[in-house]
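> Structure supplied as protein.txt; contents: compact mmCIF, C-alpha atoms.
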```
# COMPACT_ATOMS: atom_id res chain seq x y z
CA MET A 1 198.53 69.80 20.77
CA LEU A 2 200.14 68.42 23.92
CA GLY A 3 199.30 64.94 25.17
CA GLU A 4 195.81 64.08 26.35
CA HIS A 5 193.43 66.99 26.00
CA ARG A 6 191.31 67.89 29.03
CA GLU A 7 188.00 69.62 28.35
CA LYS A 8 186.74 72.49 30.42
CA GLY A 9 184.52 71.12 33.17
CA PRO A 10 182.33 72.67 35.82
CA GLY A 11 184.36 75.01 37.99
CA LEU A 12 187.44 74.59 35.79
CA THR A 13 188.93 77.85 34.54
CA ILE A 14 190.99 77.81 31.37
CA THR A 15 192.94 80.76 30.03
CA CYS A 16 194.64 81.25 26.69
CA GLY A 17 197.87 83.05 25.87
CA ILE A 18 198.97 83.95 22.34
CA ASP A 19 202.50 85.08 21.50
CA TRP A 20 202.12 87.31 18.45
CA ALA A 21 204.49 87.35 15.47
CA ALA A 22 204.31 88.79 12.00
CA ASN A 23 203.44 85.55 10.18
CA HIS A 24 202.59 83.05 12.90
CA HIS A 25 201.43 82.80 16.51
CA ASP A 26 202.09 80.42 19.39
CA VAL A 27 199.00 79.46 21.37
CA ALA A 28 199.00 77.97 24.89
CA LEU A 29 196.09 76.98 27.14
CA VAL A 30 196.49 76.42 30.89
CA ASP A 31 194.02 75.30 33.53
CA GLU A 32 193.39 76.88 36.95
CA THR A 33 196.42 75.09 38.44
CA GLY A 34 198.78 76.44 35.78
CA GLN A 35 199.04 73.08 34.03
CA LEU A 36 199.56 73.32 30.28
CA ILE A 37 196.70 71.46 28.63
CA ALA A 38 197.15 72.39 24.97
CA LYS A 39 199.45 74.25 22.63
CA ARG A 40 199.58 74.94 18.92
CA HIS A 41 201.56 76.88 16.36
CA ILE A 42 199.21 78.67 13.95
CA ASN A 43 199.64 80.88 10.92
CA ASP A 44 198.30 84.42 10.67
CA ASP A 45 195.55 83.63 8.18
CA ALA A 46 192.00 82.30 7.98
CA GLU A 47 193.14 78.71 8.46
CA GLY A 48 195.10 79.71 11.55
CA TYR A 49 192.01 81.42 12.94
CA ARG A 50 189.94 78.27 12.35
CA GLN A 51 192.60 76.19 14.12
CA LEU A 52 192.53 78.59 17.07
CA LEU A 53 188.74 78.39 17.35
CA SER A 54 188.92 74.62 17.11
CA LEU A 55 191.51 74.48 19.88
CA LEU A 56 189.37 76.69 22.12
CA THR A 57 186.26 74.62 21.36
CA GLU A 58 188.02 71.38 22.27
CA ALA A 59 189.04 73.01 25.55
CA GLY A 60 185.39 73.68 26.40
CA ASP A 61 184.86 77.13 24.94
CA ASP A 62 181.26 78.26 25.37
CA PRO A 63 179.53 81.24 23.68
CA GLN A 64 178.02 82.16 27.07
CA ASP A 65 181.37 81.71 28.85
CA PRO A 66 184.16 82.15 26.28
CA ILE A 67 187.77 81.43 27.20
CA PRO A 68 189.61 84.74 27.71
CA VAL A 69 192.72 85.43 25.64
CA ALA A 70 195.87 87.34 26.63
CA VAL A 71 198.26 88.86 24.09
CA GLU A 72 201.07 91.41 24.17
CA THR A 73 200.13 93.19 20.97
CA ALA A 74 196.48 93.02 19.93
CA ARG A 75 196.75 93.90 16.27
CA GLY A 76 196.07 92.18 13.01
CA LEU A 77 193.06 90.50 11.45
CA LEU A 78 193.13 87.48 13.76
CA PHE A 79 192.70 89.57 16.88
CA ALA A 80 190.14 91.80 15.20
CA CYS A 81 188.07 88.68 14.53
CA LEU A 82 188.50 87.52 18.14
CA ARG A 83 187.26 90.88 19.43
CA ALA A 84 184.33 90.88 17.02
CA THR A 85 183.00 87.69 18.64
CA GLY A 86 182.64 89.48 21.99
CA ARG A 87 185.40 87.44 23.63
CA LYS A 88 187.47 89.16 26.33
CA VAL A 89 190.91 89.91 24.91
CA TYR A 90 193.57 91.30 27.25
CA SER A 91 196.54 93.26 25.93
CA ILE A 92 199.32 92.77 28.51
CA ASN A 93 202.17 95.26 28.67
CA PRO A 94 205.43 93.57 27.54
CA MET A 95 207.14 94.85 30.69
CA ALA A 96 204.59 93.02 32.84
CA VAL A 97 205.21 89.84 30.85
CA ALA A 98 208.96 90.21 31.35
CA ARG A 99 208.53 90.69 35.11
CA TYR A 100 206.26 87.64 35.33
CA ARG A 101 208.83 85.58 33.43
CA GLU A 102 211.52 86.62 35.94
CA ARG A 103 209.32 85.42 38.82
CA HIS A 104 209.63 81.83 37.63
CA ARG A 105 213.12 81.60 36.16
CA VAL A 106 216.35 83.47 36.82
CA THR A 107 217.91 82.49 33.52
CA ARG A 108 217.37 84.62 30.45
CA ALA A 109 215.93 81.69 28.50
CA LYS A 110 213.11 82.80 26.24
CA SER A 111 210.92 81.22 23.58
CA ASP A 112 207.66 82.01 21.84
CA HIS A 113 205.95 79.04 23.44
CA ALA A 114 207.15 80.05 26.92
CA ASP A 115 205.84 83.58 26.35
CA ALA A 116 202.42 82.20 25.35
CA VAL A 117 202.33 80.13 28.55
CA ALA A 118 203.37 83.17 30.60
CA LEU A 119 200.55 85.22 29.07
CA ALA A 120 197.99 82.52 29.88
CA ASN A 121 199.26 82.30 33.47
CA ILE A 122 199.16 86.08 33.91
CA LEU A 123 195.50 85.95 32.98
CA ARG A 124 194.98 83.00 35.32
CA THR A 125 196.52 84.69 38.38
CA ASP A 126 196.15 88.44 37.79
CA SER A 127 193.18 88.99 35.49
CA ASP A 128 191.60 91.29 38.08
CA VAL A 129 194.45 93.83 37.75
CA HIS A 130 194.34 93.87 33.96
CA ARG A 131 191.61 95.33 31.81
CA PRO A 132 190.24 93.65 28.69
CA LEU A 133 190.29 95.54 25.44
CA PRO A 134 187.29 97.90 25.34
CA ALA A 135 184.15 96.84 23.53
CA ASP A 136 184.04 99.97 21.40
CA SER A 137 181.48 100.34 18.66
CA GLU A 138 182.45 99.87 15.03
CA LEU A 139 182.13 103.62 14.43
CA ALA A 140 184.38 104.45 17.39
CA GLN A 141 187.02 102.04 16.10
CA ALA A 142 186.83 103.63 12.65
CA ILE A 143 187.24 107.10 14.19
CA SER A 144 190.28 105.83 16.08
CA VAL A 145 191.87 104.56 12.87
CA LEU A 146 191.27 107.85 11.04
CA ALA A 147 192.32 110.09 13.95
CA ARG A 148 195.54 108.16 14.55
CA ALA A 149 196.38 108.12 10.84
CA GLN A 150 195.81 111.88 10.67
CA GLN A 151 197.98 112.45 13.73
CA ASP A 152 200.74 110.34 12.16
CA ALA A 153 200.45 112.38 8.97
CA VAL A 154 200.79 115.61 10.95
CA TRP A 155 203.88 114.32 12.73
CA ASN A 156 205.31 113.18 9.39
CA ARG A 157 204.57 116.60 7.91
CA ALA A 158 206.41 118.32 10.76
CA GLN A 159 209.40 116.03 10.35
CA LEU A 160 209.61 116.66 6.61
CA ASN A 161 209.15 120.40 7.17
CA ASN A 162 212.12 120.46 9.56
CA GLN A 163 214.17 118.35 7.16
CA LEU A 164 213.43 120.75 4.29
CA ARG A 165 214.25 123.77 6.44
CA SER A 166 217.60 122.30 7.45
CA HIS A 167 218.39 121.46 3.82
CA LEU A 168 217.49 124.91 2.46
CA LYS A 169 219.68 126.55 5.07
CA GLN A 170 222.70 124.87 3.46
CA TYR A 171 222.31 126.49 0.05
CA PHE A 172 219.06 128.49 -0.39
CA PRO A 173 218.60 131.01 2.48
CA ALA A 174 216.40 133.17 0.25
CA ALA A 175 213.67 130.50 0.40
CA LEU A 176 213.69 130.62 4.19
CA ALA A 177 213.48 134.43 4.17
CA ALA A 178 210.67 134.37 1.59
CA PHE A 179 208.37 132.23 3.67
CA GLN A 180 209.14 133.40 7.18
CA VAL A 181 205.77 135.13 7.40
CA ARG A 182 203.22 134.88 10.19
CA GLY A 183 200.88 132.00 9.42
CA ILE A 184 202.99 130.93 6.42
CA GLY A 185 205.72 128.31 6.51
CA LEU A 186 207.52 125.88 4.27
CA ASP A 187 204.57 123.52 4.49
CA SER A 188 202.17 126.18 3.16
CA ARG A 189 200.67 125.80 -0.29
CA GLU A 190 202.47 128.95 -1.46
CA ALA A 191 205.90 127.67 -0.40
CA ARG A 192 205.36 124.19 -1.83
CA THR A 193 204.17 125.56 -5.19
CA VAL A 194 207.01 128.08 -5.58
CA LEU A 195 209.75 125.67 -4.44
CA ALA A 196 208.46 122.98 -6.79
CA ALA A 197 208.88 125.43 -9.71
CA ALA A 198 212.15 126.98 -8.49
CA PRO A 199 214.10 124.59 -6.22
CA ASP A 200 217.43 126.47 -6.35
CA PRO A 201 218.55 130.13 -6.04
CA GLU A 202 219.28 130.54 -9.75
CA ALA A 203 215.85 129.30 -10.83
CA ALA A 204 214.15 131.46 -8.18
CA ALA A 205 216.00 134.60 -9.30
CA ARG A 206 214.84 134.04 -12.89
CA LEU A 207 211.15 133.99 -11.93
CA THR A 208 209.36 136.98 -13.46
CA ARG A 209 206.51 138.83 -11.83
CA VAL A 210 204.08 137.19 -14.24
CA GLN A 211 205.38 133.73 -13.33
CA LEU A 212 205.25 134.47 -9.61
CA ARG A 213 201.70 135.76 -9.92
CA SER A 214 200.70 132.59 -11.78
CA LEU A 215 202.34 130.35 -9.17
CA LEU A 216 200.62 132.14 -6.30
CA ARG A 217 197.24 131.83 -7.98
CA LYS A 218 197.96 128.16 -8.63
CA SER A 219 198.65 127.66 -4.92
CA GLY A 220 195.19 129.00 -4.11
CA ARG A 221 196.14 132.46 -2.84
CA GLN A 222 193.54 135.10 -3.72
CA ARG A 223 194.45 138.16 -1.66
CA ASN A 224 197.48 140.50 -1.65
CA ILE A 225 198.98 138.74 -4.66
CA ASP A 226 200.81 141.82 -5.98
CA THR A 227 202.27 142.50 -2.55
CA TRP A 228 203.49 138.91 -2.39
CA VAL A 229 204.94 139.12 -5.90
CA ASP A 230 206.94 142.26 -5.07
CA ARG A 231 208.27 140.80 -1.84
CA LEU A 232 209.24 137.42 -3.32
CA ARG A 233 210.89 139.11 -6.30
CA ALA A 234 212.92 141.34 -3.97
CA VAL A 235 213.96 138.41 -1.75
CA PHE A 236 214.95 136.06 -4.59
CA THR A 237 217.06 138.70 -6.40
CA ASN A 238 218.88 139.81 -3.25
CA ASP A 239 222.56 139.02 -2.64
CA TYR A 240 223.36 135.73 -0.85
CA LEU A 241 226.22 133.28 -0.47
CA HIS A 242 226.18 130.40 -2.96
CA GLN A 243 227.38 126.83 -3.23
CA LEU A 244 229.34 125.74 -6.31
CA PRO A 245 227.04 125.69 -9.37
CA LEU A 246 226.88 121.91 -9.81
CA VAL A 247 226.49 121.36 -6.06
CA GLU A 248 223.72 123.94 -5.94
CA LYS A 249 221.95 122.21 -8.81
CA ALA A 250 222.22 118.83 -7.10
CA MET A 251 220.85 120.24 -3.86
CA GLY A 252 217.97 121.69 -5.87
CA HIS A 253 217.08 118.18 -7.05
CA GLN A 254 217.05 117.07 -3.42
CA THR A 255 214.73 119.95 -2.59
CA THR A 256 212.35 118.85 -5.34
CA ALA A 257 212.20 115.37 -3.82
CA LEU A 258 211.61 116.75 -0.32
CA VAL A 259 208.89 119.12 -1.53
CA ARG A 260 207.08 116.23 -3.21
CA GLN A 261 207.18 114.24 0.02
CA LEU A 262 206.04 117.25 2.03
CA ASP A 263 203.23 117.97 -0.40
CA ALA A 264 202.01 114.36 -0.14
CA ALA A 265 202.15 114.52 3.67
CA CYS A 266 200.20 117.79 3.72
CA ARG A 267 197.53 116.45 1.40
CA ALA A 268 197.27 113.24 3.43
CA ALA A 269 196.88 115.18 6.66
CA ASP A 270 194.15 117.36 5.14
CA ASP A 271 192.25 114.43 3.60
CA LEU A 272 192.42 112.37 6.79
CA ALA A 273 191.34 115.35 8.88
CA GLU A 274 188.26 115.74 6.71
CA ALA A 275 187.45 112.02 6.93
CA ALA A 276 187.98 111.94 10.71
CA ALA A 277 185.79 115.00 11.24
CA GLU A 278 183.04 113.51 9.05
CA ALA A 279 183.08 110.23 10.99
CA PHE A 280 183.16 112.07 14.32
CA ALA A 281 180.05 114.06 13.41
CA GLN A 282 178.12 110.79 13.02
CA HIS A 283 178.91 109.54 16.53
CA PRO A 284 176.35 110.05 19.33
CA ASP A 285 179.06 111.35 21.69
CA ALA A 286 180.05 114.12 19.27
CA GLU A 287 177.45 116.52 20.64
CA ILE A 288 178.79 116.19 24.20
CA LEU A 289 182.44 116.43 23.20
CA SER A 290 181.80 119.43 20.95
CA SER A 291 180.15 121.28 23.85
CA PHE A 292 183.55 121.55 25.58
CA PRO A 293 185.61 124.67 24.90
CA GLY A 294 188.60 123.99 22.68
CA ILE A 295 187.20 120.82 21.09
CA GLY A 296 186.55 121.03 17.38
CA PRO A 297 185.80 118.17 14.98
CA LEU A 298 189.41 117.03 14.62
CA THR A 299 190.35 117.32 18.31
CA GLY A 300 187.08 115.65 19.21
CA ALA A 301 187.87 112.78 16.85
CA ARG A 302 191.30 112.34 18.44
CA VAL A 303 189.92 112.35 21.97
CA LEU A 304 187.03 110.02 21.14
CA GLY A 305 189.35 107.74 19.17
CA GLU A 306 191.56 107.24 22.23
CA ILE A 307 188.94 106.92 24.99
CA GLY A 308 186.38 105.03 22.88
CA ASP A 309 182.70 104.72 23.70
CA ASP A 310 182.76 101.70 26.01
CA ARG A 311 181.46 103.19 29.26
CA THR A 312 182.94 100.34 31.32
CA ARG A 313 186.48 100.98 30.11
CA PHE A 314 187.32 103.40 32.93
CA ARG A 315 186.12 102.62 36.44
CA ASP A 316 185.99 106.30 37.32
CA ALA A 317 187.31 109.71 36.31
CA ARG A 318 190.62 109.03 38.08
CA ALA A 319 191.28 106.07 35.79
CA LEU A 320 190.70 108.23 32.71
CA LYS A 321 192.97 110.97 34.08
CA ALA A 322 195.74 108.45 34.78
CA TYR A 323 195.34 106.96 31.29
CA ALA A 324 195.74 110.41 29.75
CA GLY A 325 198.69 111.34 31.98
CA ALA A 326 196.84 114.29 33.51
CA ALA A 327 196.79 112.92 37.06
CA PRO A 328 200.03 113.27 39.04
CA ILE A 329 201.80 110.26 40.51
CA THR A 330 203.08 110.11 44.09
CA VAL A 331 206.37 108.44 45.03
CA ALA A 332 206.65 107.96 48.80
CA SER A 333 209.15 105.89 50.77
CA GLY A 334 210.03 106.57 54.38
CA LYS A 335 210.63 110.28 54.80
CA SER A 336 210.82 110.81 51.07
CA HIS A 337 207.66 112.10 49.41
CA ALA A 338 207.50 113.45 45.85
CA VAL A 339 204.79 114.16 43.31
CA HIS A 340 205.64 113.86 39.61
CA HIS A 341 203.77 114.07 36.36
CA ARG A 342 203.11 110.75 34.62
CA ARG A 343 205.47 109.59 31.92
CA VAL A 344 203.70 106.31 31.21
CA LYS A 345 200.48 107.35 29.50
CA ASN A 346 198.61 107.37 26.24
CA GLN A 347 200.88 109.73 24.32
CA ARG A 348 198.30 110.37 21.60
CA LEU A 349 195.61 111.38 24.08
CA ALA A 350 198.10 113.57 25.94
CA ALA A 351 199.07 115.31 22.69
CA ALA A 352 195.40 115.83 21.81
CA GLY A 353 194.83 117.14 25.33
CA TYR A 354 197.45 119.86 24.93
CA VAL A 355 195.78 121.03 21.71
CA TRP A 356 192.41 120.86 23.46
CA ILE A 357 193.47 123.00 26.41
CA PHE A 358 195.38 125.46 24.24
CA GLY A 359 192.21 125.99 22.19
CA ALA A 360 190.13 126.31 25.37
CA LEU A 361 192.25 129.09 26.90
CA PRO A 362 190.23 131.92 25.28
CA SER A 363 187.24 130.75 27.33
CA PRO A 364 186.93 133.14 30.32
CA GLN A 365 186.47 130.41 32.95
CA VAL A 366 189.34 128.34 31.59
CA LYS A 367 191.65 131.35 31.37
CA GLU A 368 190.77 132.38 34.92
CA HIS A 369 191.61 128.91 36.23
CA TYR A 370 194.88 128.90 34.26
CA ASP A 371 195.88 132.33 35.59
CA ARG A 372 195.09 131.26 39.15
CA ARG A 373 197.31 128.19 38.83
CA ARG A 374 200.11 130.32 37.42
CA THR A 375 199.75 132.78 40.30
CA ARG A 376 200.11 129.90 42.73
CA GLY A 377 203.48 129.02 41.19
CA ASP A 378 202.67 126.46 38.49
CA ARG A 379 204.72 126.50 35.34
CA HIS A 380 202.89 126.74 32.03
CA THR A 381 202.95 122.99 31.40
CA ALA A 382 201.82 122.21 34.95
CA ALA A 383 198.92 124.68 34.70
CA MET A 384 197.90 123.21 31.34
CA ARG A 385 198.08 119.69 32.77
CA ASN A 386 195.92 120.75 35.73
CA LEU A 387 193.32 122.15 33.34
CA PHE A 388 193.43 118.97 31.30
CA ASN A 389 192.93 116.98 34.49
CA ARG A 390 189.89 119.04 35.46
CA LEU A 391 188.23 118.97 32.05
CA LEU A 392 188.79 115.20 31.74
CA GLY A 393 186.87 114.77 34.99
CA CYS A 394 184.07 116.87 33.53
CA LEU A 395 184.17 114.87 30.30
CA HIS A 396 183.89 111.56 32.16
CA HIS A 397 180.88 112.86 34.10
CA CYS A 398 179.18 114.30 31.02
CA LEU A 399 179.61 111.11 28.99
CA ALA A 400 178.37 108.96 31.89
CA THR A 401 175.28 111.10 32.45
CA GLY A 402 174.63 112.25 28.88
CA GLN A 403 175.00 115.95 29.74
CA ARG A 404 176.52 118.76 27.76
CA PHE A 405 179.38 120.76 29.27
CA ASP A 406 178.28 123.55 31.61
CA PRO A 407 181.09 126.04 32.44
CA ALA A 408 179.16 127.29 35.48
CA LYS A 409 179.31 123.82 37.03
CA ALA A 410 182.84 123.05 35.90
CA PHE A 411 184.21 126.37 37.17
CA PRO A 412 181.92 127.58 39.98
CA THR A 413 182.24 131.02 41.53
CA LEU A 414 185.69 131.25 43.09
CA GLY A 415 186.04 131.02 46.80
CA ALA A 416 188.04 129.20 49.39
CA PRO A 417 186.14 125.87 49.11
CA ALA A 418 186.12 125.94 45.30
CA GLU A 419 189.79 126.87 45.13
CA ALA A 420 190.70 124.07 47.49
CA ALA A 421 188.68 121.61 45.42
CA ALA A 422 190.35 122.81 42.22
CA SER A 423 193.80 122.08 43.60
```
Go through the file and emit its structure as structure tokens.


Amino acid sequence: MLGEHREKGPGLTITCGIDWAANHHDVALVDETGQLIAKRHINDDAEGYRQLLSLLTEAGDDPQDPIPVAVETARGLLFACLRATGRKVYSINPMAVARYRERHRVTRAKSDHADAVALANILRTDSDVHRPLPADSELAQAISVLARAQQDAVWNRAQLNNQLRSHLKQYFPAALAAFQVRGIGLDSREARTVLAAAPDPEAAARLTRVQLRSLLRKSGRQRNIDTWVDRLRAVFTNDYLHQLPLVEKAMGHQTTALVRQLDAACRAADDLAEAAAEAFAQHPDAEILSSFPGIGPLTGARVLGEIGDDRTRFRDARALKAYAGAAPITVASGKSHAVHHRRVKNQRLAAAGYVWIFGALPSPQVKEHYDRRRTRGDRHTAAMRNLFNRLLGCLHHCLATGQRFDPAKAFPTLGAPAEAAAS
């Protein structure tokens, strides 16, 4: 602690900044004049949390008027405990912290303590332009964890799938030809099962029809097994270029390792998808979200996990659209005027939005709006983004009013006024 400690008095505003690190944190408290009144170096454990609470209490922390806390990265058990108490916790973008630091010093000097002070001062001077972390329910936070983990597993699966494809191309083109079927890829259960049993061209060519039939049944396939057996047998015994025998064998071992990783990623994605969908079904907002075209249990979990269920998080529909990257951004200076799509956004929500709109396209009203935007000159991505923008506005209204989605209200009969409003 620094010098004489000054308690929070009537009319005195104290803010707290915490510079986060893996094993320890630097805490700084400043008063309404920017004067540092306390500082402490705490560990990331229960004792560190008790020291933080003690420091805040000595500064005049009150359950009815808790001292707000600013951090760059709000993660870890310590910050989860802070949020659970109902205290306002602000997560400040690191770029904003860097710009604030440059306002007060031109040198590149930097320290953890100075960053903690900068965070506290940002909250002191600019708290009105920053939003505290949302007060989402426990269930919404759990859905967010599951949905994000499932999305990470899907991205990991795609990465491993591409890695396996690139590897097989170097020595085993028959495997690529065998599983280039509509709806079937290298990440399918059939491909993973067969490649695990025969990871190189020689082993694949030795597979008999009985063995292939057994492997396909093991993978879970129940239909057209004989057709698959004949086709795989013909592909694997065809004539291809080969690596040297020992090199081919070594590359087969690498394939086995990649298939194991891919199989684990696929199983993780499936298990997490089931858990996310189950948790989503228990949430009160699930009925409203599921009423939108294109939103199933998994997409609904991803959307709900990113927007949460704190109704005060977004001031209006425009704030939600900007957060998702659906609203355009205008850059105007002098005679220059340009409109661009947003690059700074919640990437996870934007990715879920693309899946949402792609699944909603079969809906007649959605398809009609998409076709109209394309006729007016929008590219595919721009038309999809416009649809996402419109449906997000509908979602914000439905969640705020407790209504289910009504396509007749979202896409009224086309006419000049409606078309102008849609643009």

> List as a list in words the protein and nucleic acid residues near Ser188 in chain A, meaning an atom at most 12 Å away when all atoms listed in the file are counted, but skip any in the same chain fewer than 6 places from it.

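With the cut-off at 12 Å, the set is Arg157, Ala158, Asn161, Ala178, Phe179, Gln180, Val181, Arg182, Val194, Leu195, Leu216, Ser219, Gly220, Arg221, Val259, Leu262, Asp263, Ala265, Cys266 and Arg267 of chain A.
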
> Please provide as a ChimeraX atom specification all residues within 10 Å of Ala174 in chain A, with the sequence filter that same-chain residues fewer than 4 positions apart are discarded (counting only C-alpha atoms).

/A:168-169,178-179,200-201,204-205,232,234-241

> Can you find the residues with an atom no farther than 10 Å from (206.8, 80.6, 10.1), counting all atoms listed in the file, and report them as a list in words?

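I get Ala21, Ala22, Asn23, His24, His25, His41, Ile42, Asn43 and Asp44 of chain A for the residues within 10 Å of that point.
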
> Please identify all polymer residues within 8 Å of Val71 in chain A, counting only C-alpha atoms, omitting same-chain residues fewer than 2 positions from it, and present them as a list in words.

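Here the qualifying residues turn out to be Gly17, Ile18, Asp19, Trp20, Val69, Thr73, Ala74, Val89, Tyr90, Ser91, Ile92, Ala116 and Leu119 of chain A.
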
> Which is closer to Arg124 in chain A than all the others in A:Ala332, A:Ala70, A:Val366, A:Ala264, using all atoms listed in the file?

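Between A:Ala332, A:Ala70, A:Val366, A:Ala264, the residue approaching Arg124 in chain A most closely is A:Ala70.
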
> Could you pull the residues within 7 Å of Lys321 in chain A, counting only C-alpha atoms, minus those fewer than 4 positions along the same chain, as a count of residues only?

6

> Find the residue from A:Glu58, A:Glu190, A:Asp136, A:Glu202 that sits nearest to Arg217 in chain A; use only C-alpha atoms when measuring.

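Checking each candidate against Arg217 in chain A, we get A:Glu190 as the closest.
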